$ cat work_35.txt   # compact mmCIF, C-alpha atoms
# COMPACT_ATOMS: atom_id res chain seq x y z
CA MET A 1 0.00 0.00 0.00
CA ARG A 2 2.76 2.46 0.90
CA ILE A 3 4.71 1.72 -2.25
CA ARG A 4 1.69 2.80 -4.28
CA ALA A 5 1.50 6.08 -2.37
CA TYR A 6 5.24 6.69 -2.83
CA ALA A 7 4.98 5.94 -6.55
CA GLN A 8 2.03 8.32 -6.97
CA LEU A 9 3.86 11.14 -5.21
CA LEU A 10 7.10 10.58 -7.14
CA GLU A 11 5.17 10.39 -10.42
CA SER A 12 4.26 14.07 -10.09
CA TYR A 13 7.82 15.35 -9.66
CA LEU A 14 11.21 15.02 -11.29
CA SER A 15 12.82 15.36 -7.86
CA LEU A 16 11.83 16.23 -4.31
CA THR A 17 13.49 16.33 -0.93
CA LEU A 18 13.34 13.57 1.64
CA LYS A 19 12.12 16.21 4.09
CA SER A 20 9.08 17.10 1.96
CA MET A 21 8.27 13.43 1.41
CA ALA A 22 8.52 12.75 5.13
CA GLU A 23 6.24 15.71 5.87
CA SER A 24 3.75 14.55 3.24
CA PHE A 25 3.44 11.13 4.88
CA GLY A 26 3.84 12.29 8.49
CA VAL A 27 6.95 10.21 9.19
CA SER A 28 10.61 10.92 9.94
CA GLN A 29 13.21 11.46 7.24
CA GLU A 30 15.10 8.40 8.46
CA PHE A 31 12.01 6.23 8.04
CA ILE A 32 11.23 7.47 4.54
CA ASP A 33 14.91 7.04 3.60
CA SER A 34 15.02 3.44 4.77
CA GLU A 35 11.66 2.62 3.16
CA LEU A 36 12.61 4.14 -0.19
CA SER A 37 16.03 2.45 -0.08
CA ARG A 38 14.40 -0.96 0.28
CA PHE A 39 11.93 -0.36 -2.54
CA VAL A 40 14.56 1.09 -4.88
CA ALA A 41 16.94 -1.83 -4.20
CA ALA A 42 14.12 -4.28 -4.94
CA GLY A 43 13.37 -2.49 -8.22
CA ARG A 44 9.86 -1.55 -7.17
CA LEU A 45 10.44 2.23 -7.35
CA HIS A 46 12.24 3.96 -10.19
CA CYS A 47 14.27 6.64 -8.48
CA VAL A 48 17.68 7.45 -7.04
CA ILE A 49 18.30 8.73 -3.53
CA ASP A 50 20.96 11.41 -3.07
CA LYS A 51 21.66 11.08 0.64
CA VAL A 52 24.18 13.92 0.70
CA GLY A 53 21.71 16.37 -0.83
CA GLY A 54 18.66 14.74 0.77
CA ILE A 55 16.94 14.53 -2.61
CA VAL A 56 14.99 11.80 -4.36
CA VAL A 57 15.35 11.94 -8.15
CA THR A 58 12.96 9.95 -10.30
CA ASN A 59 14.21 8.03 -13.32
CA ARG A 60 11.16 6.69 -15.04
CA PRO A 61 11.77 3.90 -17.51
CA ASP A 62 11.62 5.20 -21.06
CA THR A 63 8.93 3.06 -22.67
CA LYS A 64 9.42 4.54 -26.13
CA ASN A 65 13.11 3.64 -26.12
CA ALA A 66 12.36 0.12 -24.88
CA GLN A 67 9.76 -0.33 -27.62
CA TYR A 68 12.27 0.87 -30.24
CA GLN A 69 14.94 -1.57 -29.00
CA ARG A 70 12.42 -4.43 -29.01
CA THR A 71 11.35 -3.58 -32.58
CA VAL A 72 14.95 -3.45 -33.82
CA LYS A 73 15.69 -6.81 -32.20
CA GLN A 74 12.59 -8.41 -33.74
CA GLY A 75 13.52 -6.93 -37.13
CA ASP A 76 17.01 -8.42 -36.91
CA LEU A 77 15.57 -11.83 -36.07
CA LEU A 78 13.15 -11.62 -38.99
CA LEU A 79 15.92 -10.56 -41.39
CA ASN A 80 18.09 -13.50 -40.29
CA ARG A 81 15.23 -15.94 -40.83
CA ILE A 82 14.51 -14.53 -44.29
CA GLN A 83 18.21 -14.84 -45.24
CA LYS A 84 18.28 -18.46 -44.06
CA LEU A 85 15.11 -19.22 -46.00
CA ALA A 86 16.55 -17.57 -49.12
CA GLY A 87 19.65 -19.76 -48.81
CA ILE A 88 17.53 -22.91 -48.59
CA VAL A 89 15.24 -21.96 -51.48
CA SER A 90 18.13 -21.07 -53.83
CA MET A 91 19.68 -24.53 -53.45

$ encode --input "work_35.txt" --output "structure tokens"
Amino acid sequence: MRIRAYAQLLESYLSLTLKSMAESFGVSQEFIDSELSRFVAAGRLHCVIDKVGGIVVTNRPDTKNAQYQRTVKQGDLLLNRIQKLAGIVSM
């Protein structure tokens, strides 16, 4: 449940301070830091924590780039299959 709330808050911002997140949820900065650290390490939240600056920076996965990479990979596979088929047919 908390991870959903964290994700919704982070979705609205590019970055925000641990202090403002802690105030938003009514908890201490240490608590929010440890919670976020666990979720980030588990890959459940897409952000980076700058402990020195006390800032949480979101790094949303780029779906367009992932789709492009997937399309290129599928195109390469298709091209290889066509070339193999052409080699078989020309025999």

$ atom_distance --input "work_35.txt" --atom1 "atom CA of A:Ile3" --atom2 "atom CA of A:Arg44"
7.8 Å

$ atom_distance --input "work_35.txt" --atom1 "atom CA of A:Gln29" --atom2 "atom CA of A:Ala41"
17.9 Å

$ residues_around --input "work_35.txt" --residues "A:Leu9" --least-positions-apart "4" --cutoff "12 Å" --atoms "only C-alpha atoms" --output "list of chain:residue names"
A:Arg2, A:Ile3, A:Arg4, A:Ala5, A:Tyr13, A:Leu14, A:Ser15, A:Leu16, A:Thr17, A:Leu18, A:Ser20, A:Met21, A:Ala22, A:Ser24, A:Phe25, A:Leu45, A:Cys47, A:Val56, A:Val57, A:Thr58

$ closest_residue --input "work_35.txt" --among "A:Arg81, A:His46, A:Lys64, A:Lys73" --to "A:Glu11" --atoms "only C-alpha atoms"
A:His46

$ closest_residue --input "work_35.txt" --among "A:Ala66, A:Leu79, A:Val72, A:Leu10" --to "A:Ile49" --atoms "all atoms listed in the file"
A:Leu10

$ closest_residue --input "work_35.txt" --among "A:Asn59, A:Gln69, A:Ser90, A:Ser28" --to "A:Val40" --atoms "all atoms listed in the file"
A:Asn59

$ axis_aligned_box --input "work_35.txt" --around "stretch 4-7 of chain A" --padding-each-side "8 Å" --output "lines of an AutoDock Vina configuration file"
center_x = 3.4
center_y = 4.7
center_z = -4.5
size_x = 19.7
size_y = 19.9
size_z = 20.2
